[in-house]
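Undergrad: Have a look at the structure that comes next, please.
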Amino acid sequence: MAQRLAGSSSQYLRQHSHQLVDWFPYGDEAFEQARLRDVPVMLSIGYAACHWCHVMSHESFDDSEIAALLNENFVAIKVDREEHPLVDDTYMLATQALTGAGGWPMTIFTLPDGRTVHAGTYYPKEPRGKTPSFRQVLNAVHEAWETKRAGLVEQAQMLAEHLAELGSRQSALLSLQSQQPADQAFSTALDRWMAAGKPEGGFTPAPKFPPTWALKTLSRAVITEPQRAEEAFEAAATHLEAIFLGGLQDHVDGGFARYCVDANWSVPHFEKMLYDNAGLLSLAARTSVLAAEMALKGQGDTAQRAQKLAGLAQRSAQGIITFLEEELLTNSSSTPALAASLDADSSRDGHQVEGAYYTLNREEIAQVTDPLIQRLPKGLLRFAPVAEDPQNFCFSLLRTPEASELEVLQELREQMRTLRRSRIMPIRDEKVIAGWNGLAIEALCEAALLLEAPDALKLAAQAAESVWQMQWDQQNKRLARVSFAGAATHANEGTLQDYSALALGFLALHQATGQQQWAQRAKALLGRAADFVDPESGVPRDTVQSDARITAQRSSIAAVTVLDDAMPASGALYAKALAVQALQSMAAGEYTDADAAALESARGLSAHALALASEAPTQVATALEVQCIISSPVHYLAISQWDSDQAKRVRSVAMSLGINVRHDPSLPHADQGLQIQPCREELCQLPVLGIEGLFSLFSAPKNA
């Protein structure tokens, strides 16, 4: 039994290989067993870094009596949501429809054909309030299967039809039309974001997830909305300071957790995911540039705040780069890439405790602060109590440190780092996910160019080459979603998100290095990604073909991810990749009819953002960014200088807005100063002088 999981590419599955439960991995064999035995299926869906997944595993799946119940009355399937995102999305919809909530671990009971009859999340070993024990749930489902099966089948079909209706509504969002120009839609979204912001940062009450993709789009206003730049900056800065100062960031070793459990961003849920850190690296790098611009253009307190935020963002970005290289880069000597995550839990006194590696008790706080007590700034440090781990505290900052305070703060970090090195590190999920690496590669390239960080570019190229060699099947032109220990699972093809995100990473490498191979590889990825678009409806599906269980659960309606969530919507990523590819061709003077068609496709695939900007700006932020890039008065620039301070500033601002830049020393009047020639599609205007001339282009009326 254990051997079914022991050799899995998933750390999450391997964590359960010792148990007496007769686990199957997700696939045809498991569901066929359920059909032959005439028993329901129990799907347990989670991921390696999930704290409550570990809790339920220890409480229930390690229990021999519960294992016997499962083995006798069910076929038990363990699913890593990161390996099978479509399985996770499908059954999450079912869980939310039945219970009104969702989360992990997710516990699903299905017919042998995959249709859900009962669903929930974490079930305790013993009843808690209105929550039944896992044993009670198992017995109830088994009894219903034996005595009320017709009702279960009817309920399962009703749920499948409901999910089909939801899926149809999702697809319909992509066909929404609006006559509103992109700049007006962006302005409307900006109004909504500024109105929705919480005083403590973020758009929602606790738990506090970073609104990464919305902030990336919102921050464009610092340049593109000159009349509202200060207002937009002040609104964005509140969110950004909360993210970069609070407990979401690991201020000792760098990198960010998934979310904070409290309203004031003081205590995180401690797992660290690659995709979160990729998005936040891009956000931090852009923030460092756009805040620096506001520091130059702003007045009084706004300028001072912007200057401090620029430095804070740059340090956070460098921390993420260090974290990716030191803690997520896999150990393979020939194909090192970026691992999926670090666990929330680690060992303390022989027990697995959430956050044990990161938190300090009172004695440890005294140990690291006492040697520096006379020099530590007042009102800077925060040690917040962890409710789930009494007598332990999480370190973060209350305010942006002054330049004069950075030295002693670094000494404090070194003291904490030394303390940590005596502890057992959290377990790393070693599987390599193509799309997550793509997002990280793109962000590392941005950081390399915006922050002049060559170490980031080296890491990006290393990860990109490894993913390509491991996970691209050259013969069949297919991308495997995951690999482990240098071997890819080619039977599990990547999603549209994987193809699009990796293509964006390769296009970013092409821009950063000038190496043509990355553009060629991106073209190959996007060639296959085109197959994900339904030829009749034009809707970008998450997968080309779903398996029989997903088809049954969704009543044959294709899965389509329209809205941003923890990651950008797959269709928006695909649109962005098409647009970036076309704009790079423009800047290189190689723009073809195929590029023009791709740009028009990108416009159509992201057009729903114009209609939804007023109602759901955060959920369509990436698609709205694509619309802004396509509709910008500037698609690419030619500049007469390349390495002067002003030329570097132009390049940084342009990259932060998705504008390509090429060097053209032959521009007229180059001897009179930096000449900047703005171009849109194949039409170039007369050069303007200096960066203020560039900024003036964004003050002019825009074309949709």
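Residues are referred to by chain and number: the chain letter is A, B, ... according to the order shown in the structure tokens, the number counts from 1 in that chain, and ligands are numbered separately from 1 in the order shown.
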Tell me which protein, DNA and RNA residues are within 9 Å of segment 342-359 of chain A, counting only C-alpha atoms, leaving out same-chain ones fewer than 6 positions away, and put them as a ChimeraX atom specification.
TA: /A:48-51,54,250,252,257,268-274,327-328,386,388-389,392-395,420,423-429
Undergrad: Would you list the contacts of Ala559 of chain A as an mmCIF file with N, CA and C atoms, in the first residue's frame, taking every protein, DNA or RNA residue within 9 Å and counting only C-alpha atoms, but skipping same-chain residues closer than 6 positions in sequence?
TA:
```
data_model
loop_
_atom_site.group_PDB
_atom_site.id
_atom_site.type_symbol
_atom_site.label_atom_id
_atom_site.label_comp_id
_atom_site.auth_asym_id
_atom_site.auth_seq_id
_atom_site.Cartn_x
_atom_site.Cartn_y
_atom_site.Cartn_z
ATOM 1 N N LEU A 86 -6.735 21.468 -11.062
ATOM 2 C CA LEU A 86 -8.099 21.391 -11.577
ATOM 3 C C LEU A 86 -8.965 20.497 -10.690
ATOM 4 N N ASP A 89 -9.681 22.711 -7.670
ATOM 5 C CA ASP A 89 -10.660 23.762 -7.978
ATOM 6 C C ASP A 89 -12.070 23.188 -8.079
ATOM 7 N N THR A 90 -12.180 22.032 -8.739
ATOM 8 C CA THR A 90 -13.493 21.431 -8.953
ATOM 9 C C THR A 90 -14.148 21.035 -7.635
ATOM 10 N N GLY A 167 -20.049 27.217 -13.746
ATOM 11 C CA GLY A 167 -19.027 27.252 -14.783
ATOM 12 C C GLY A 167 -19.456 28.053 -15.992
ATOM 13 N N GLN A 170 -19.124 31.668 -15.196
ATOM 14 C CA GLN A 170 -17.726 32.100 -15.270
ATOM 15 C C GLN A 170 -17.327 32.374 -16.717
ATOM 16 N N SER A 171 -17.635 31.426 -17.600
ATOM 17 C CA SER A 171 -17.300 31.609 -19.013
ATOM 18 C C SER A 171 -17.967 32.850 -19.585
ATOM 19 N N ARG A 541 -9.653 27.759 -21.770
ATOM 20 C CA ARG A 541 -9.928 26.740 -20.767
ATOM 21 C C ARG A 541 -8.661 26.456 -19.954
ATOM 22 N N ASP A 542 -8.845 25.977 -18.724
ATOM 23 C CA ASP A 542 -7.693 25.683 -17.878
ATOM 24 C C ASP A 542 -6.909 24.482 -18.389
ATOM 25 N N THR A 543 -7.595 23.567 -19.056
ATOM 26 C CA THR A 543 -6.947 22.377 -19.599
ATOM 27 C C THR A 543 -7.580 22.052 -20.938
ATOM 28 N N SER A 546 -10.377 17.464 -19.866
ATOM 29 C CA SER A 546 -10.511 17.039 -18.472
ATOM 30 C C SER A 546 -10.681 15.525 -18.397
ATOM 31 N N ILE A 550 -13.692 14.793 -13.467
ATOM 32 C CA ILE A 550 -13.909 16.243 -13.497
ATOM 33 C C ILE A 550 -15.057 16.581 -14.444
#
```
Undergrad: Please report, as a VMD selection string, each residue of segment 208-317 of chain A to which DSSP assigns helix (DSSP H, G or I) when run on this structure's backbone.
TA: chain A and resid 212 to 218 221 to 224 226 to 245 274 to 297 300 to 317
Undergrad: Take atom CA of Asp38 of chain A and atom CA of Pro112 of chain A and report the distance between them in Å, one decimal.
TA: 7.8 Å
Undergrad: Do you know which residues are at most 10 Å from Gln33 of chain A counting only C-alpha atoms, after dropping those on the same chain fewer than 6 positions away, and could you put them as a list in words?
TA: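 Final neighbour list, sorted by chain and number: Phe24, Val39, Pro40, Val41, Phe74, Val75 and Pro112 of chain A.
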Undergrad: Please write the residues from the selection above to a file, keeping N, CA and C atoms, as a PDB file, in the first residue's frame.
TA:
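Below is the file result.pdb, written as the result:
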```
ATOM      1  N   PHE A  24      -4.598   5.571  -2.341  1.00  0.00           N
ATOM      2  CA  PHE A  24      -4.307   5.593  -3.771  1.00  0.00           C
ATOM      3  C   PHE A  24      -3.950   7.023  -4.162  1.00  0.00           C
ATOM      4  N   VAL A  39     -18.147   0.810  -3.572  1.00  0.00           N
ATOM      5  CA  VAL A  39     -18.025   1.652  -2.374  1.00  0.00           C
ATOM      6  C   VAL A  39     -17.788   3.091  -2.828  1.00  0.00           C
ATOM      7  N   PRO A  40     -18.083   4.072  -1.962  1.00  0.00           N
ATOM      8  CA  PRO A  40     -17.783   5.466  -2.309  1.00  0.00           C
ATOM      9  C   PRO A  40     -16.293   5.762  -2.194  1.00  0.00           C
ATOM     10  N   VAL A  41     -15.926   6.897  -2.724  1.00  0.00           N
ATOM     11  CA  VAL A  41     -14.542   7.378  -2.687  1.00  0.00           C
ATOM     12  C   VAL A  41     -14.423   8.470  -1.630  1.00  0.00           C
ATOM     13  N   PHE A  74     -14.472   2.401   2.012  1.00  0.00           N
ATOM     14  CA  PHE A  74     -14.196   3.447   1.023  1.00  0.00           C
ATOM     15  C   PHE A  74     -12.953   3.076   0.217  1.00  0.00           C
ATOM     16  N   VAL A  75     -12.778   3.761  -0.904  1.00  0.00           N
ATOM     17  CA  VAL A  75     -11.467   3.865  -1.551  1.00  0.00           C
ATOM     18  C   VAL A  75     -10.925   5.241  -1.194  1.00  0.00           C
ATOM     19  N   PRO A 112     -18.400   6.515  -7.365  1.00  0.00           N
ATOM     20  CA  PRO A 112     -17.248   6.007  -8.137  1.00  0.00           C
ATOM     21  C   PRO A 112     -16.985   6.753  -9.440  1.00  0.00           C
TER      22      PRO A 112
END
```
